[in-house]
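Source file my_file-v4.pdb; content: PDB, C-alpha atoms.
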ATOM      1  CA  MET A   1     112.129 124.550  89.986
ATOM      2  CA  THR A   2     112.859 128.204  90.687
ATOM      3  CA  ALA A   3     115.704 129.532  92.774
ATOM      4  CA  SER A   4     115.150 131.509  95.956
ATOM      5  CA  PRO A   5     114.722 135.286  95.599
ATOM      6  CA  THR A   6     118.005 135.861  97.464
ATOM      7  CA  LEU A   7     119.912 133.649  95.024
ATOM      8  CA  GLN A   8     118.208 135.297  92.042
ATOM      9  CA  ARG A   9     119.136 138.735  93.395
ATOM     10  CA  ALA A  10     122.764 137.656  93.965
ATOM     11  CA  VAL A  11     123.025 136.256  90.436
ATOM     12  CA  GLY A  12     121.488 139.446  89.042
ATOM     13  CA  ILE A  13     123.982 141.627  90.913
ATOM     14  CA  ALA A  14     126.886 139.440  89.778
ATOM     15  CA  MET A  15     125.715 139.719  86.162
ATOM     16  CA  LEU A  16     125.392 143.504  86.493
ATOM     17  CA  VAL A  17     128.921 143.810  87.922
ATOM     18  CA  THR A  18     130.279 141.570  85.138
ATOM     19  CA  VAL A  19     128.596 143.651  82.418
ATOM     20  CA  ALA A  20     129.837 146.908  83.998
ATOM     21  CA  ALA A  21     133.390 145.518  84.121
ATOM     22  CA  LEU A  22     133.119 144.401  80.492
ATOM     23  CA  TYR A  23     131.932 147.861  79.424
ATOM     24  CA  TRP A  24     134.799 149.459  81.367
ATOM     25  CA  LEU A  25     137.325 147.204  79.614
ATOM     26  CA  ILE A  26     135.812 147.984  76.210
ATOM     27  CA  ALA A  27     135.921 151.719  76.979
ATOM     28  CA  LYS A  28     139.612 151.467  77.920
ATOM     29  CA  ALA A  29     140.375 149.479  74.758
ATOM     30  CA  CYS A  30     138.540 152.087  72.667
ATOM     31  CA  ASP A  31     140.563 154.866  74.335
ATOM     32  CA  LEU A  32     143.736 153.169  73.135
ATOM     33  CA  VAL A  33     142.504 153.169  69.539
ATOM     34  CA  SER A  34     140.767 156.535  69.504
ATOM     35  CA  PRO A  35     139.355 158.667  72.352
ATOM     36  CA  HIS A  36     136.149 159.262  70.395
ATOM     37  CA  LEU A  37     135.508 155.633  69.465
ATOM     38  CA  LYS A  38     133.998 154.698  72.823
ATOM     39  CA  TRP A  39     131.210 157.254  72.288
ATOM     40  CA  PHE A  40     130.029 155.126  69.362
ATOM     41  CA  VAL A  41     130.766 151.635  70.680
ATOM     42  CA  ILE A  42     129.275 151.911  74.187
ATOM     43  CA  PRO A  43     125.888 153.380  73.066
ATOM     44  CA  ALA A  44     125.671 150.706  70.352
ATOM     45  CA  MET A  45     126.254 147.973  72.936
ATOM     46  CA  LEU A  46     123.683 149.526  75.274
ATOM     47  CA  ALA A  47     121.162 149.654  72.410
ATOM     48  CA  VAL A  48     121.704 145.958  71.662
ATOM     49  CA  ALA A  49     121.277 145.091  75.357
ATOM     50  CA  LEU A  50     118.068 147.140  75.479
ATOM     51  CA  LEU A  51     116.705 145.357  72.386
ATOM     52  CA  ILE A  52     117.465 141.953  73.929
ATOM     53  CA  PHE A  53     115.716 142.966  77.157
ATOM     54  CA  ALA A  54     112.687 144.325  75.277
ATOM     55  CA  GLY A  55     112.496 141.140  73.190
ATOM     56  CA  SER A  56     112.449 138.937  76.278
ATOM     57  CA  PHE A  57     109.745 141.129  77.826
ATOM     58  CA  VAL A  58     107.537 140.912  74.733
ATOM     59  CA  ARG A  59     108.135 137.152  74.513
ATOM     60  CA  ASP A  60     107.001 136.731  78.144
ATOM     61  CA  VAL A  61     103.837 138.713  77.457
ATOM     62  CA  ARG A  62     103.024 136.843  74.228
ATOM     63  CA  LYS A  63     103.517 133.321  75.575
ATOM     64  CA  TYR A  64      99.978 133.210  77.020
ATOM     65  CA  VAL A  65      98.081 134.690  74.041
ATOM     66  CA  HIS A  66      97.224 131.253  72.619
ATOM     67  CA  ALA A  67      96.132 130.017  76.061
ATOM     68  CA  VAL A  68      93.652 132.898  76.274
ATOM     69  CA  ARG A  69      92.381 131.994  72.803
ATOM     70  CA  ALA A  70      91.923 128.352  73.899
ATOM     71  CA  TYR A  71      89.945 129.575  76.922
ATOM     72  CA  ALA A  72      87.705 131.694  74.688
ATOM     73  CA  LEU A  73      87.052 128.734  72.350
ATOM     74  CA  ARG A  74      86.710 126.209  75.218
ATOM     75  CA  ASP A  75      89.331 124.125  73.453
ATOM     76  CA  ILE A  76      90.789 120.841  74.699
ATOM     77  CA  ASP A  77      92.909 119.274  71.959
ATOM     78  CA  THR A  78      94.065 115.995  73.490
ATOM     79  CA  THR A  79      96.069 115.046  70.387
ATOM     80  CA  VAL A  80      98.757 117.641  71.180
ATOM     81  CA  LEU A  81      98.907 116.899  74.908
ATOM     82  CA  PRO A  82     101.466 114.577  76.496
ATOM     83  CA  SER A  83     100.046 111.144  77.312
ATOM     84  CA  THR A  84      99.790 111.895  81.041
ATOM     85  CA  PHE A  85      97.372 114.765  80.307
ATOM     86  CA  ARG A  86      95.156 113.064  77.707
ATOM     87  CA  PHE A  87      92.591 111.948  80.282
ATOM     88  CA  ILE A  88      91.372 115.553  80.633
ATOM     89  CA  THR A  89      87.964 116.313  79.088
ATOM     90  CA  HIS A  90      85.282 118.941  79.687
ATOM     91  CA  ASP A  91      83.752 116.553  82.260
ATOM     92  CA  THR A  92      86.984 116.267  84.301
ATOM     93  CA  THR A  93      87.122 118.393  87.449
ATOM     94  CA  LEU A  94      90.120 120.366  88.583
ATOM     95  CA  GLN A  95      90.323 118.188  91.701
ATOM     96  CA  GLU A  96      90.609 115.052  89.527
ATOM     97  CA  VAL A  97      93.501 116.670  87.663
ATOM     98  CA  ILE A  98      95.219 117.623  90.932
ATOM     99  CA  ASP A  99      94.677 114.121  92.356
ATOM    100  CA  ARG A 100      96.203 112.507  89.281
ATOM    101  CA  LEU A 101      99.000 114.965  88.404
ATOM    102  CA  GLY A 102      99.670 116.755  91.677
ATOM    103  CA  PRO A 103      99.554 120.482  92.286
ATOM    104  CA  ALA A 104     100.310 122.849  89.429
ATOM    105  CA  SER A 105     103.739 124.449  89.105
ATOM    106  CA  ARG A 106     102.054 127.858  88.985
ATOM    107  CA  VAL A 107      98.562 129.258  89.347
ATOM    108  CA  PHE A 108      98.086 132.678  87.811
ATOM    109  CA  GLU A 109      95.396 134.921  86.437
ATOM    110  CA  LEU A 110      94.843 135.779  82.774
ATOM    111  CA  ALA A 111      92.348 138.102  81.126
ATOM    112  CA  LEU A 112      90.158 137.568  78.073
ATOM    113  CA  ARG A 113      89.146 140.827  76.448
ATOM    114  CA  HIS A 114      85.618 140.832  75.014
ATOM    115  CA  ARG A 115      84.429 142.824  72.012
ATOM    116  CA  ASP A 116      82.441 145.209  74.206
ATOM    117  CA  GLY A 117      85.660 146.268  75.961
ATOM    118  CA  ASP A 118      85.042 144.259  79.113
ATOM    119  CA  ALA A 119      87.691 141.815  80.349
ATOM    120  CA  GLU A 120      86.992 138.417  81.897
ATOM    121  CA  HIS A 121      89.644 137.351  84.383
ATOM    122  CA  PHE A 122      90.250 133.643  84.901
ATOM    123  CA  LYS A 123      92.690 131.354  86.667
ATOM    124  CA  ALA A 124      95.152 129.152  84.835
ATOM    125  CA  HIS A 125      97.044 126.212  86.330
ATOM    126  CA  GLU A 126     100.395 125.678  84.611
ATOM    127  CA  TYR A 127     102.218 122.340  84.726
ATOM    128  CA  ASP A 128     105.859 122.656  83.693
ATOM    129  CA  LEU A 129     107.308 120.208  81.179
ATOM    130  CA  PRO A 130     110.914 119.801  80.031
ATOM    131  CA  TYR A 131     112.504 122.370  77.692
ATOM    132  CA  ASN A 132     110.302 125.289  78.854
ATOM    133  CA  ALA A 133     107.128 123.686  77.554
ATOM    134  CA  ALA A 134     104.010 123.638  79.728
ATOM    135  CA  VAL A 135     100.428 122.443  79.874
ATOM    136  CA  ILE A 136      98.011 125.163  80.962
ATOM    137  CA  ILE A 137      94.727 123.978  82.458
ATOM    138  CA  MET A 138      91.886 126.457  82.815
ATOM    139  CA  PRO A 139      88.808 125.501  84.854
ATOM    140  CA  GLN A 140      85.356 127.025  84.617
ATOM    141  CA  ARG A 141      84.187 129.713  87.007
ATOM    142  CA  PRO A 142      84.431 130.095  90.016
ATOM    143  CA  PHE A 143      87.739 128.199  89.671
ATOM    144  CA  GLU A 144      87.218 125.882  92.626
ATOM    145  CA  PRO A 145      88.599 122.296  92.735
ATOM    146  CA  GLU A 146      85.160 120.819  92.027
ATOM    147  CA  ASP A 147      84.719 122.891  88.842
ATOM    148  CA  LYS A 148      85.027 121.245  85.447
ATOM    149  CA  ILE A 149      87.823 122.000  82.997
ATOM    150  CA  ARG A 150      86.963 124.613  80.367
ATOM    151  CA  ALA A 151      90.155 124.561  78.284
ATOM    152  CA  VAL A 152      93.622 123.046  78.106
ATOM    153  CA  TYR A 153      96.506 124.491  76.129
ATOM    154  CA  MET A 154      99.899 122.956  75.385
ATOM    155  CA  ARG A 155     102.602 125.638  75.224
ATOM    156  CA  ASN A 156     105.497 124.195  73.251
ATOM    157  CA  ALA A 157     109.137 124.964  73.859
ATOM    158  CA  PRO A 158     110.174 128.251  72.271
ATOM    159  CA  ALA A 159     111.604 127.830  68.786
ATOM    160  CA  HIS A 160     114.402 130.279  69.544
ATOM    161  CA  ASP A 161     115.699 128.061  72.342
ATOM    162  CA  TRP A 162     119.202 126.813  71.520
ATOM    163  CA  LEU A 163     118.524 123.564  73.367
ATOM    164  CA  SER A 164     116.258 121.726  70.988
ATOM    165  CA  VAL A 165     113.889 118.962  72.029
ATOM    166  CA  ASP A 166     115.644 116.544  69.666
ATOM    167  CA  SER A 167     119.014 116.744  71.421
TER     168      SER A 167
END
Write out the structure in this file as structure tokens.
Amino acid sequence: MTASPTLQRAVGIAMLVTVAALYWLIAKACDLVSPHLKWFVIPAMLAVALLIFAGSFVRDVRKYVHAVRAYALRDIDTTVLPSTFRFITHDTTLQEVIDRLGPASRVFELALRHRDGDAEHFKAHEYDLPYNAAVIIMPQRPFEPEDKIRAVYMRNAPAHDWLSVDS
């Protein structure tokens, strides 16, 4: 469940103010030690923050690469799916999935790049699972409810997540 855009914006502004206050305090502490120290500490902290932001951006982009590969291979590996999703086969329609599991958490578009340089755009229906895992269901064209399922991909929880599935 996602928060409202207003709440997300308020949390973002609060985080920005907190980080700015923290940097101000660090700059004042560095001034007490040496006036030139803050010119090394603050850029280093900004570089670390930029690397963390870039890493999260790349991680968000990469999380659907395997789903696109499953779509290209028309893969449905029911052995890795949770038991509630194992009924899905190539003969199952999207409407049957919706009737049994409810509407998807998200519907979005992905692109499969072909060797000739062309890109095939397709719709993916993502069902959220606990611990940031998800099942991504991709129907055949033209992506209507009566179309059969082309591929299903199970996106596991990220390994870098500090909240492990075992806990």
_Assuming the chain letters and numbering stay as they are in my file, what does the PyMOL selection byres ((chain A and resi 122) around 8) actually select? List them as a list in words._
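Evaluating the PyMOL selection byres ((chain A and resi 122) around 8) on this file yields Glu109, Leu110, Ala111, Leu112, Glu120, His121, Lys123, Ala124, Met138, Arg141 and Phe143 of chain A.
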_Using Å and a single decimal, report how far atom CA of A:Ala157 sits from atom CA of A:Asn132._
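So the answer is 5.1 Å.
For the structure shown here, the set of residues caught by the PyMOL selection byres ((chain A and resi 146) around 9) is Thr93, Leu94, Gln95, Glu96, Phe143, Glu144, Pro145, Asp147 and Lys148 of chain A.
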*What does the distance between atom CA of A:Ala14 and atom CA of A:Phe57 come to in Å, to one decimal place?*
21.0 Å
_What's the separation between atom CA of A:Phe108 and atom CA of A:Leu7, in Å to one decimal place?_
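Computing the Euclidean distance for atom CA of A:Phe108 and atom CA of A:Leu7 yields 23.0 Å.
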*Compile the contact shell of A:Val80 as a PyMOL selection string: residues with an atom at most 9 Å away, counting only C-alpha atoms, same-chain residues fewer than 5 positions apart removed.*
chain A and resi 86+153-154
